[in-house]
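As stored in work.pdb (PDB, C-alpha atoms):
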ATOM      1  CA  MET J 113      43.426 -13.700  17.901
ATOM      2  CA  GLY J 114      40.078 -13.460  19.717
ATOM      3  CA  ALA J 115      39.447  -9.948  18.395
ATOM      4  CA  ALA J 116      40.268 -11.085  14.852
ATOM      5  CA  ARG J 117      37.883 -14.022  15.226
ATOM      6  CA  GLY J 118      35.227 -11.675  16.599
ATOM      7  CA  GLY J 119      35.774  -9.293  13.688
ATOM      8  CA  GLU J 120      35.445 -12.163  11.230
ATOM      9  CA  ALA J 121      32.211 -13.315  12.891
ATOM     10  CA  MET J 122      30.799  -9.756  12.707
ATOM     11  CA  LYS J 123      31.765  -9.579   9.046
ATOM     12  CA  ARG J 124      29.996 -12.856   8.339
ATOM     13  CA  ALA J 125      26.942 -11.764  10.329
ATOM     14  CA  GLY J 126      26.902  -8.517   8.345
ATOM     15  CA  ALA J 127      27.039 -10.386   5.028
ATOM     16  CA  VAL J 128      24.251 -12.767   6.083
ATOM     17  CA  LEU J 129      22.117  -9.841   7.252
ATOM     18  CA  ALA J 130      22.745  -7.929   4.004
ATOM     19  CA  TRP J 131      21.764 -10.979   1.934
ATOM     20  CA  GLY J 132      18.696 -11.509   4.097
ATOM     21  CA  LEU J 133      17.679  -7.877   3.600
ATOM     22  CA  ALA J 134      18.374  -8.228  -0.127
ATOM     23  CA  ALA J 135      16.194 -11.356  -0.295
ATOM     24  CA  VAL J 136      13.304  -9.613   1.459
ATOM     25  CA  PHE J 137      13.520  -6.599  -0.868
ATOM     26  CA  LEU J 138      13.835  -8.768  -3.975
ATOM     27  CA  ALA J 139      10.909 -11.012  -2.994
ATOM     28  CA  SER J 140       8.763  -8.065  -2.024
ATOM     29  CA  GLY J 141       9.534  -6.163  -5.237
ATOM     30  CA  LEU J 142       9.106  -9.149  -7.554
ATOM     31  CA  LEU J 143       5.788 -10.194  -6.010
ATOM     32  CA  LYS J 144       4.456  -6.647  -6.312
ATOM     33  CA  ALA J 145       5.733  -6.181  -9.876
ATOM     34  CA  ALA J 146       4.093  -9.486 -10.861
ATOM     35  CA  ASP J 147       0.653  -8.110  -9.969
ATOM     36  CA  VAL J 148       0.696  -4.318 -10.180
ATOM     37  CA  ALA J 149      -3.092  -4.038 -10.085
ATOM     38  CA  SER J 150      -3.319  -5.780  -6.688
ATOM     39  CA  PHE J 151      -0.516  -3.635  -5.331
ATOM     40  CA  ALA J 152      -2.251  -0.502  -6.655
ATOM     41  CA  ARG J 153      -5.379  -1.498  -4.728
ATOM     42  CA  ALA J 154      -3.290  -1.927  -1.571
ATOM     43  CA  VAL J 155      -1.678   1.502  -2.080
ATOM     44  CA  ALA J 156      -5.074   3.072  -2.755
ATOM     45  CA  SER J 157      -6.505   1.568   0.446
ATOM     46  CA  PHE J 158      -4.156   3.780   2.496
ATOM     47  CA  GLU J 159      -5.984   6.780   1.002
ATOM     48  CA  LEU J 160      -2.820   8.883   1.084
ATOM     49  CA  LEU J 161      -2.299   9.470  -2.617
ATOM     50  CA  PRO J 162      -4.352  10.796  -5.541
ATOM     51  CA  PRO J 163      -5.137   8.278  -8.340
ATOM     52  CA  ALA J 164      -2.105   9.278 -10.435
ATOM     53  CA  GLY J 165       0.131   8.901  -7.370
ATOM     54  CA  VAL J 166      -1.299   5.455  -6.698
ATOM     55  CA  VAL J 167      -0.486   4.323 -10.252
ATOM     56  CA  ALA J 168       3.024   5.862 -10.184
ATOM     57  CA  THR J 169       3.784   4.225  -6.825
ATOM     58  CA  ALA J 170       2.380   0.877  -7.977
ATOM     59  CA  PHE J 171       4.758   0.826 -10.947
ATOM     60  CA  PHE J 172       7.845   2.467  -9.436
ATOM     61  CA  LEU J 173       8.134   1.094  -5.894
ATOM     62  CA  PRO J 174       8.428  -2.621  -6.834
ATOM     63  CA  TRP J 175      11.352  -1.859  -9.173
ATOM     64  CA  LEU J 176      13.021   0.358  -6.613
ATOM     65  CA  GLU J 177      12.814  -2.535  -4.150
ATOM     66  CA  ILE J 178      14.151  -4.995  -6.731
ATOM     67  CA  PHE J 179      17.155  -2.846  -7.687
ATOM     68  CA  SER J 180      17.846  -1.740  -4.108
ATOM     69  CA  GLY J 181      17.754  -5.407  -3.073
ATOM     70  CA  ALA J 182      19.931  -6.530  -5.983
ATOM     71  CA  SER J 183      22.544  -3.858  -5.251
ATOM     72  CA  LEU J 184      22.998  -5.318  -1.747
ATOM     73  CA  PHE J 185      24.594  -8.412  -3.313
ATOM     74  CA  PHE J 186      27.452  -6.372  -4.812
ATOM     75  CA  SER J 187      30.030  -4.919  -2.446
ATOM     76  CA  LYS J 188      30.582  -1.746  -4.531
ATOM     77  CA  TRP J 189      26.881  -1.018  -4.665
ATOM     78  CA  ARG J 190      25.980  -2.233  -1.179
ATOM     79  CA  ARG J 191      26.172   1.115   0.595
ATOM     80  CA  ALA J 192      24.025   2.861  -2.015
ATOM     81  CA  GLY J 193      21.516  -0.007  -1.809
ATOM     82  CA  LEU J 194      21.528   0.204   1.975
ATOM     83  CA  PHE J 195      20.815   3.947   1.900
ATOM     84  CA  LEU J 196      17.872   3.405  -0.418
ATOM     85  CA  ALA J 197      16.577   0.433   1.571
ATOM     86  CA  PHE J 198      16.901   2.432   4.791
ATOM     87  CA  LEU J 199      14.981   5.385   3.327
ATOM     88  CA  GLN J 200      12.253   3.110   1.984
ATOM     89  CA  LEU J 201      11.910   1.382   5.350
ATOM     90  CA  ILE J 202      11.542   4.766   7.077
ATOM     91  CA  VAL J 203       8.745   5.691   4.662
ATOM     92  CA  PHE J 204       7.082   2.279   5.149
ATOM     93  CA  ALA J 205       7.300   2.665   8.944
ATOM     94  CA  ALA J 206       5.712   6.123   8.744
ATOM     95  CA  VAL J 207       2.907   4.927   6.458
ATOM     96  CA  LEU J 208       2.237   1.829   8.577
ATOM     97  CA  SER J 209       2.221   3.917  11.770
ATOM     98  CA  TRP J 210      -0.263   6.280  10.170
ATOM     99  CA  ALA J 211      -2.443   3.355   9.031
ATOM    100  CA  LEU J 212      -2.366   1.851  12.523
ATOM    101  CA  MET J 213      -3.341   5.176  14.085
ATOM    102  CA  THR J 214      -6.138   5.976  11.632
ATOM    103  CA  GLY J 215      -7.404   2.428  11.062
ATOM    104  CA  LYS J 216      -7.028   2.822   7.287
ATOM    105  CA  ALA J 217      -5.903  -0.182   5.214
ATOM    106  CA  ALA J 218      -6.217  -3.729   6.515
ATOM    107  CA  ASP J 219      -3.255  -5.146   4.617
ATOM    108  CA  CYS J 220       0.068  -3.410   3.959
ATOM    109  CA  GLY J 221       0.383  -4.976   0.495
ATOM    110  CA  CYS J 222       4.044  -5.548   1.378
ATOM    111  CA  PHE J 223       4.192  -8.728  -0.714
ATOM    112  CA  GLY J 224       1.639  -7.843  -3.387
ATOM    113  CA  LYS J 225      -1.482  -9.954  -3.436
ATOM    114  CA  TRP J 226       0.270 -12.450  -1.175
ATOM    115  CA  GLY J 227      -0.279  -9.879   1.569
ATOM    116  CA  GLY J 228       2.186  -9.267   4.330
ATOM    117  CA  GLY J 229       0.334 -10.234   7.460
ATOM    118  CA  SER J 230      -1.393  -7.881   9.852
ATOM    119  CA  LEU J 231      -0.498  -4.198   9.943
ATOM    120  CA  GLU J 232       0.949  -4.649  13.428
ATOM    121  CA  GLY J 233       3.099  -7.578  12.277
ATOM    122  CA  SER J 234       4.242  -5.641   9.205
ATOM    123  CA  TRP J 235       5.145  -2.672  11.389
ATOM    124  CA  VAL J 236       7.267  -4.840  13.717
ATOM    125  CA  ARG J 237       8.940  -6.534  10.720
ATOM    126  CA  ASP J 238       9.618  -3.127   9.181
ATOM    127  CA  LEU J 239      11.259  -1.851  12.377
ATOM    128  CA  PHE J 240      13.399  -4.981  12.555
ATOM    129  CA  LEU J 241      14.513  -4.516   8.936
ATOM    130  CA  LEU J 242      15.077  -0.812   9.591
ATOM    131  CA  ALA J 243      17.342  -1.656  12.534
ATOM    132  CA  ALA J 244      19.208  -4.206  10.387
ATOM    133  CA  ALA J 245      19.663  -1.736   7.518
ATOM    134  CA  GLY J 246      20.723   0.984   9.965
ATOM    135  CA  TRP J 247      23.309  -1.272  11.589
ATOM    136  CA  LEU J 248      24.698  -2.377   8.205
ATOM    137  CA  LEU J 249      24.846   1.223   7.034
ATOM    138  CA  TRP J 250      26.653   2.318  10.185
ATOM    139  CA  LYS J 251      29.020  -0.645   9.919
ATOM    140  CA  SER J 252      29.803   0.045   6.255
ATOM    141  CA  GLY J 253      30.510   3.710   7.070
ATOM    142  CA  SER J 254      32.837   2.957   9.974
ATOM    143  CA  LYS J 255      35.268   0.870   7.885
TER
ATOM    144  CA  MET C 206      29.631  11.458  -3.714
ATOM    145  CA  LYS C 207      30.114   8.026  -5.285
ATOM    146  CA  GLU C 208      27.273   6.708  -3.131
ATOM    147  CA  LEU C 209      24.990   9.500  -4.293
ATOM    148  CA  SER C 210      25.691   8.808  -7.950
ATOM    149  CA  ARG C 211      25.127   5.073  -7.385
ATOM    150  CA  MET C 212      21.848   5.830  -5.635
ATOM    151  CA  ALA C 213      20.879   8.035  -8.569
ATOM    152  CA  VAL C 214      21.688   5.161 -10.949
ATOM    153  CA  VAL C 215      19.495   2.747  -8.943
ATOM    154  CA  LEU C 216      16.663   5.301  -8.929
ATOM    155  CA  LEU C 217      17.027   5.927 -12.661
ATOM    156  CA  VAL C 218      17.126   2.229 -13.562
ATOM    157  CA  SER C 219      14.066   1.645 -11.341
ATOM    158  CA  ALA C 220      12.216   4.508 -13.036
ATOM    159  CA  LEU C 221      13.100   3.142 -16.489
ATOM    160  CA  ALA C 222      11.940  -0.356 -15.570
ATOM    161  CA  ALA C 223       8.726   1.071 -14.094
ATOM    162  CA  PHE C 224       8.142   3.123 -17.237
ATOM    163  CA  GLY C 225       8.749   0.058 -19.410
ATOM    164  CA  GLN C 226       6.267  -1.945 -17.372
ATOM    165  CA  PHE C 227       3.794   0.931 -17.562
ATOM    166  CA  LEU C 228       4.077   0.928 -21.360
ATOM    167  CA  LEU C 229       3.374  -2.803 -21.393
ATOM    168  CA  HIS C 230       0.692  -2.958 -18.712
ATOM    169  CA  GLY C 231      -0.469   0.636 -18.220
ATOM    170  CA  ASP C 232      -3.763  -0.279 -19.896
ATOM    171  CA  LEU C 233      -4.673  -1.949 -16.594
ATOM    172  CA  PHE C 234      -5.314   1.576 -15.345
ATOM    173  CA  ARG C 235      -6.632   3.174 -18.497
ATOM    174  CA  GLN C 236     -10.326   3.723 -18.850
ATOM    175  CA  ALA C 237     -11.930   1.075 -20.997
ATOM    176  CA  GLU C 238     -14.690   2.222 -23.329
ATOM    177  CA  PRO C 239     -18.121   1.218 -21.999
ATOM    178  CA  LYS C 240     -19.800  -1.379 -24.206
ATOM    179  CA  HIS C 241     -23.344  -0.387 -23.339
ATOM    180  CA  PRO C 242     -24.570   2.908 -24.924
ATOM    181  CA  ASN C 243     -26.244   4.016 -21.685
ATOM    182  CA  VAL C 244     -23.043   3.701 -19.670
ATOM    183  CA  GLN C 245     -20.554   6.560 -19.648
ATOM    184  CA  TRP C 246     -17.649   7.895 -17.614
ATOM    185  CA  ILE C 247     -18.192  10.963 -15.461
ATOM    186  CA  GLY C 248     -15.766  13.293 -13.648
ATOM    187  CA  GLY C 249     -16.059  13.949  -9.917
ATOM    188  CA  ASN C 250     -17.226  17.576 -10.257
ATOM    189  CA  GLU C 251     -19.811  16.711 -12.852
ATOM    190  CA  ALA C 252     -21.056  13.804 -10.733
ATOM    191  CA  ALA C 253     -21.364  16.076  -7.688
ATOM    192  CA  ARG C 254     -23.630  18.388  -9.707
ATOM    193  CA  LEU C 255     -26.049  15.600 -10.659
ATOM    194  CA  ASP C 256     -29.486  16.072  -9.207
ATOM    195  CA  ARG C 257     -30.574  13.200  -6.924
ATOM    196  CA  ALA C 258     -28.091  10.626  -8.156
ATOM    197  CA  LEU C 259     -27.970   7.197  -6.538
ATOM    198  CA  TRP C 260     -24.351   6.340  -5.756
ATOM    199  CA  ILE C 261     -23.276   2.723  -5.988
ATOM    200  CA  ASP C 262     -20.155   1.513  -4.218
ATOM    201  CA  ALA C 263     -18.288  -1.222  -6.112
ATOM    202  CA  ARG C 264     -15.460  -1.473  -3.553
ATOM    203  CA  SER C 265     -14.978  -4.070  -0.845
ATOM    204  CA  ARG C 266     -17.258  -4.156   2.198
ATOM    205  CA  GLU C 267     -14.275  -3.114   4.316
ATOM    206  CA  LEU C 268     -13.663   0.105   2.363
ATOM    207  CA  TYR C 269     -17.397   0.845   2.229
ATOM    208  CA  GLU C 270     -17.707   0.513   5.991
ATOM    209  CA  LYS C 271     -14.772   2.886   6.528
ATOM    210  CA  ALA C 272     -16.228   5.682   4.402
ATOM    211  CA  HIS C 273     -18.666   6.176   1.559
ATOM    212  CA  PRO C 274     -20.696   9.010   0.038
ATOM    213  CA  LYS C 275     -23.947   9.733   1.854
ATOM    214  CA  ASP C 276     -26.684   7.196   0.990
ATOM    215  CA  ALA C 277     -24.399   5.171  -1.296
ATOM    216  CA  LEU C 278     -25.342   1.512  -1.741
ATOM    217  CA  ARG C 279     -23.005  -1.439  -2.080
ATOM    218  CA  LEU C 280     -23.166  -3.577  -5.194
ATOM    219  CA  ASN C 281     -20.593  -5.974  -6.578
ATOM    220  CA  LEU C 282     -20.533  -8.950  -8.909
ATOM    221  CA  GLU C 283     -19.586 -11.431  -6.172
ATOM    222  CA  GLU C 284     -22.600 -10.534  -4.005
ATOM    223  CA  TRP C 285     -24.917  -9.519  -6.832
ATOM    224  CA  ASP C 286     -27.896 -11.688  -5.850
ATOM    225  CA  LEU C 287     -27.619 -10.621  -2.228
ATOM    226  CA  LEU C 288     -27.213  -6.886  -2.823
ATOM    227  CA  LEU C 289     -29.451  -6.364  -5.873
ATOM    228  CA  PRO C 290     -32.748  -6.517  -3.901
ATOM    229  CA  VAL C 291     -31.446  -3.774  -1.573
ATOM    230  CA  PHE C 292     -30.550  -1.693  -4.610
ATOM    231  CA  LEU C 293     -33.965  -2.282  -6.227
ATOM    232  CA  ASP C 294     -35.703  -1.151  -3.023
ATOM    233  CA  ARG C 295     -33.964   2.204  -3.277
ATOM    234  CA  TRP C 296     -33.878   2.578  -7.038
ATOM    235  CA  GLU C 297     -36.265   5.040  -8.683
ATOM    236  CA  PRO C 298     -36.635   5.154 -12.484
ATOM    237  CA  GLY C 299     -35.096   8.233 -14.062
ATOM    238  CA  ILE C 300     -32.587   8.918 -11.287
ATOM    239  CA  PRO C 301     -29.008   8.758 -12.570
ATOM    240  CA  LEU C 302     -26.840   6.020 -11.152
ATOM    241  CA  VAL C 303     -23.160   6.685 -10.372
ATOM    242  CA  VAL C 304     -21.003   3.608  -9.853
ATOM    243  CA  TYR C 305     -17.616   4.142  -8.263
ATOM    244  CA  CYS C 306     -14.647   2.116  -7.099
ATOM    245  CA  ALA C 307     -11.358   2.864  -5.343
ATOM    246  CA  PRO C 308      -8.661   4.816  -7.226
ATOM    247  CA  GLY C 309      -6.587   2.490  -9.398
ATOM    248  CA  SER C 310      -9.180  -0.294  -9.573
ATOM    249  CA  CYS C 311     -12.042   0.840 -11.782
ATOM    250  CA  ASP C 312     -12.641  -2.398 -13.691
ATOM    251  CA  SER C 313     -15.228  -3.510 -11.169
ATOM    252  CA  SER C 314     -17.302  -0.322 -11.370
ATOM    253  CA  LEU C 315     -17.472  -0.469 -15.155
ATOM    254  CA  ALA C 316     -18.456  -4.149 -15.061
ATOM    255  CA  ILE C 317     -21.196  -3.394 -12.526
ATOM    256  CA  ALA C 318     -22.445  -0.401 -14.524
ATOM    257  CA  GLU C 319     -22.713  -2.579 -17.642
ATOM    258  CA  ARG C 320     -24.540  -5.324 -15.800
ATOM    259  CA  LEU C 321     -26.956  -2.740 -14.397
ATOM    260  CA  ALA C 322     -27.416  -1.298 -17.885
ATOM    261  CA  GLU C 323     -28.440  -4.731 -19.150
ATOM    262  CA  ALA C 324     -30.972  -5.060 -16.342
ATOM    263  CA  LEU C 325     -32.197  -1.442 -16.623
ATOM    264  CA  PRO C 326     -31.818  -0.598 -20.333
ATOM    265  CA  ASN C 327     -33.602   2.767 -20.074
ATOM    266  CA  GLU C 328     -31.477   4.203 -17.279
ATOM    267  CA  LYS C 329     -28.466   6.477 -17.549
ATOM    268  CA  ILE C 330     -25.533   4.938 -15.691
ATOM    269  CA  PHE C 331     -22.298   6.758 -14.959
ATOM    270  CA  VAL C 332     -18.929   5.389 -13.872
ATOM    271  CA  LEU C 333     -16.856   7.750 -11.743
ATOM    272  CA  LYS C 334     -13.482   8.571 -13.346
ATOM    273  CA  GLY C 335     -10.471   7.827 -11.142
ATOM    274  CA  GLY C 336     -12.556   6.270  -8.361
ATOM    275  CA  TRP C 337     -13.957   7.821  -5.223
ATOM    276  CA  VAL C 338     -11.520   9.489  -2.827
ATOM    277  CA  PRO C 339     -12.802   9.800   0.768
ATOM    278  CA  PRO C 340     -12.929  13.314   2.208
ATOM    279  CA  GLY C 341      -9.628  14.225   3.830
ATOM    280  CA  ALA C 342      -7.543  12.139   1.411
ATOM    281  CA  GLU C 343      -5.530  14.079  -1.133
ATOM    282  CA  LYS C 344      -7.313  14.843  -4.376
ATOM    283  CA  PRO C 345      -5.593  15.049  -7.761
TER
END
Render the structure in this file as structure tokens.
Amino acid sequence: MGAARGGEAMKRAGAVLAWGLAAVFLASGLLKAADVASFARAVASFELLPPAGVVATAFFLPWLEIFSGASLFFSKWRRAGLFLAFLQLIVFAAVLSWALMTGKAADCGCFGKWGGGSLEGSWVRDLFLLAAAGWLLWKSGSK
Amino acid sequence: MKELSRMAVVLLVSALAAFGQFLLHGDLFRQAEPKHPNVQWIGGNEAARLDRALWIDARSRELYEKAHPKDALRLNLEEWDLLLPVFLDRWEPGIPLVVYCAPGSCDSSLAIAERLAEALPNEKIFVLKGGWVPPGAEKP
């Protein structure tokens, strides 16, 4: 009885976490897609990509976030969405770590022109989301 | 396997949406034609070969302070009155001016070049194609 209740609570916590992750990805993608030029400037400020790469990233990444986030709402698509979210969060963590080490870029551009807080704050948030996505991915694979 | 194909679908749909948005708004990143006859676009290699050019940085103060070409001056529309006297101190008639911005945001450099062209109608003013990439960053 207790184990069943515990399992139910974990299931609910997993669903809430998945929806939370989905909301963050959707908000982040929509805000970036709404102002591609601002996001392109944020990407360019990291000085990691050539101009064509900056433009391609500025157009593609917001939509990848939107569709990865949206897929988390659907049970059939959740695992695929989680994989993509997890991979994106790893890339974001690497880029933010690099920016923190080199001092390049003052704003991560995580939420388009609405910013995303300090680089340090964005890095901590990214690690938290990475841990959440990792846990959800592990949980969905162990069913 | 199913997960991989679903991931591929998400990637494909994202790429299609991005391409659609690029078709609608890609002009944000296309080079606008300069309005002033003395203003023209210039490639990085060609700009590097210019003899005694004065480079003008149209980016934010933050980016300028991180890195800029040797002897480049800051100039932007927001701080025009403040920065113009500094520019005029260094400016010499007949020396080509090269205005640059960061990759992906070249509207400001073109606007500055055109404003300079109005103030200095006899000078040749270039706008750097694709923006200035600091040394060490990947080049196209």
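Distances from C:Pro242, C:Pro308, C:Pro290, C:Gly336 to Val167 in chain J were compared using only C-alpha atoms, and the smallest one belongs to C:Pro308.
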Residues in the PyMOL selection byres ((chain J and resi 199-206) around 10), expressed as a PyMOL selection string: chain J and resi 173+176-177+180+193-198+207-212+220+222+234-243+245-246
Deliver the residues from the most recent selection as a file, using C-alpha atoms, as a CSV table (one decimal), keeping the file's coordinate frame.
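The file below, result19.csv, is the result:
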chain,number,residue,atom,x,y,z
J,173,LEU,CA,8.1,1.1,-5.9
J,176,LEU,CA,13.0,0.4,-6.6
J,177,GLU,CA,12.8,-2.5,-4.2
J,180,SER,CA,17.8,-1.7,-4.1
J,193,GLY,CA,21.5,0.0,-1.8
J,194,LEU,CA,21.5,0.2,2.0
J,195,PHE,CA,20.8,3.9,1.9
J,196,LEU,CA,17.9,3.4,-0.4
J,197,ALA,CA,16.6,0.4,1.6
J,198,PHE,CA,16.9,2.4,4.8
J,207,VAL,CA,2.9,4.9,6.5
J,208,LEU,CA,2.2,1.8,8.6
J,209,SER,CA,2.2,3.9,11.8
J,210,TRP,CA,-0.3,6.3,10.2
J,211,ALA,CA,-2.4,3.4,9.0
J,212,LEU,CA,-2.4,1.9,12.5
J,220,CYS,CA,0.1,-3.4,4.0
J,222,CYS,CA,4.0,-5.5,1.4
J,234,SER,CA,4.2,-5.6,9.2
J,235,TRP,CA,5.1,-2.7,11.4
J,236,VAL,CA,7.3,-4.8,13.7
J,237,ARG,CA,8.9,-6.5,10.7
J,238,ASP,CA,9.6,-3.1,9.2
J,239,LEU,CA,11.3,-1.9,12.4
J,240,PHE,CA,13.4,-5.0,12.6
J,241,LEU,CA,14.5,-4.5,8.9
J,242,LEU,CA,15.1,-0.8,9.6
J,243,ALA,CA,17.3,-1.7,12.5
J,245,ALA,CA,19.7,-1.7,7.5
J,246,GLY,CA,20.7,1.0,10.0
Residue nearest Met213 in chain J among J:Phe158, J:Phe179, J:Trp250, J:Phe185 (counting all atoms listed in the file): J:Phe158
On this file, the PyMOL selection byres ((chain J and resi 153) around 9) gives some set of residues; write that set as a PyMOL selection string. (chain J and resi 148-152+154-157+166+170+221) or (chain C and resi 307-310)
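Closest to chain C among J:Phe171, J:Phe223, J:Phe186, J:Phe137 is J:Phe171, based on only C-alpha atoms.
Considering the residues C:Glu328, C:Glu284, C:Glu208, C:Asp294 and counting only C-alpha atoms, chain J has its shortest atom-to-atom contact with C:Glu208.
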For the structure shown, which residues end up in the PyMOL selection byres ((chain C and resi 210-226) around 6)? Put them as a PyMOL selection string, please? (chain J and resi 171-172+175-176+192) or (chain C and resi 207-209+227-230)
Spatial neighbours of Lys334 in chain C, 7 Å, only C-alpha atoms, chain gap at least 5 places, as a list of chain:residue names: C:Trp246, C:Ile247, C:Gly248, C:Gly249
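The shortest atom-to-atom distance to chain J, with only C-alpha atoms taken into account, belongs to C:Ala272 out of C:Ala272, C:Ala253, C:Val303, C:Ala258.
With only the atoms specified (only C-alpha atoms) counting, those residues at most 9 Å away from (-23.9, 4.7, -15.6) are Asn243, Val244, Gln245, Trp246, Ile247, Pro301, Leu302, Val303, Val304, Leu315, Ala318, Glu319, Leu321, Ala322, Glu328, Lys329, Ile330, Phe331, Val332 and Leu333 of chain C.
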Quick one: pull the distance between CA of Ser252 in chain J and CA of Gly118 in chain J, Å, one decimal. 16.5 Å
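Residue nearest Lys216 in chain J within the list J:Ser183, J:Leu143, J:Arg191, J:Glu159: J:Glu159 [criterion: smallest interatomic distance, only C-alpha atoms].
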Between CA of Thr214 in chain J and CA of Trp260 in chain C, distance in Å (one decimal): 25.2 Å
Please compute the CA of Ala182 in chain J-CA of Leu138 in chain J distance, one decimal, in Å. 6.8 Å
Range 154-166 of chain J rebuilt with N, CA and C atoms, output as a PDB file, keeping the file's coordinate frame:
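Contents of part-v7.pdb, as written:
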ATOM      1  N   ALA J 154      -3.812  -2.038  -2.947  1.00  0.00           N
ATOM      2  CA  ALA J 154      -3.290  -1.927  -1.571  1.00  0.00           C
ATOM      3  C   ALA J 154      -2.832  -0.498  -1.284  1.00  0.00           C
ATOM      4  N   VAL J 155      -2.149   0.111  -2.266  1.00  0.00           N
ATOM      5  CA  VAL J 155      -1.678   1.502  -2.080  1.00  0.00           C
ATOM      6  C   VAL J 155      -2.880   2.433  -1.934  1.00  0.00           C
ATOM      7  N   ALA J 156      -3.889   2.200  -2.794  1.00  0.00           N
ATOM      8  CA  ALA J 156      -5.074   3.072  -2.755  1.00  0.00           C
ATOM      9  C   ALA J 156      -5.790   2.963  -1.411  1.00  0.00           C
ATOM     10  N   SER J 157      -5.747   1.764  -0.799  1.00  0.00           N
ATOM     11  CA  SER J 157      -6.505   1.568   0.446  1.00  0.00           C
ATOM     12  C   SER J 157      -5.947   2.418   1.594  1.00  0.00           C
ATOM     13  N   PHE J 158      -4.706   2.896   1.458  1.00  0.00           N
ATOM     14  CA  PHE J 158      -4.156   3.780   2.496  1.00  0.00           C
ATOM     15  C   PHE J 158      -4.740   5.192   2.392  1.00  0.00           C
ATOM     16  N   GLU J 159      -5.321   5.490   1.234  1.00  0.00           N
ATOM     17  CA  GLU J 159      -5.984   6.780   1.002  1.00  0.00           C
ATOM     18  C   GLU J 159      -5.051   7.966   1.266  1.00  0.00           C
ATOM     19  N   LEU J 160      -3.801   7.810   0.882  1.00  0.00           N
ATOM     20  CA  LEU J 160      -2.820   8.883   1.084  1.00  0.00           C
ATOM     21  C   LEU J 160      -2.481   9.598  -0.215  1.00  0.00           C
ATOM     22  N   LEU J 161      -2.753   8.933  -1.329  1.00  0.00           N
ATOM     23  CA  LEU J 161      -2.299   9.470  -2.617  1.00  0.00           C
ATOM     24  C   LEU J 161      -3.466   9.669  -3.576  1.00  0.00           C
ATOM     25  N   PRO J 162      -3.346  10.650  -4.486  1.00  0.00           N
ATOM     26  CA  PRO J 162      -4.352  10.796  -5.541  1.00  0.00           C
ATOM     27  C   PRO J 162      -4.204   9.636  -6.536  1.00  0.00           C
ATOM     28  N   PRO J 163      -5.201   9.421  -7.412  1.00  0.00           N
ATOM     29  CA  PRO J 163      -5.137   8.278  -8.340  1.00  0.00           C
ATOM     30  C   PRO J 163      -3.831   8.186  -9.132  1.00  0.00           C
ATOM     31  N   ALA J 164      -3.339   9.334  -9.634  1.00  0.00           N
ATOM     32  CA  ALA J 164      -2.105   9.278 -10.435  1.00  0.00           C
ATOM     33  C   ALA J 164      -0.921   8.853  -9.554  1.00  0.00           C
ATOM     34  N   GLY J 165      -0.926   9.278  -8.314  1.00  0.00           N
ATOM     35  CA  GLY J 165       0.131   8.901  -7.370  1.00  0.00           C
ATOM     36  C   GLY J 165       0.080   7.420  -7.043  1.00  0.00           C
ATOM     37  N   VAL J 166      -1.130   6.889  -6.968  1.00  0.00           N
ATOM     38  CA  VAL J 166      -1.299   5.455  -6.698  1.00  0.00           C
ATOM     39  C   VAL J 166      -0.688   4.645  -7.837  1.00  0.00           C
TER      40      VAL J 166
END
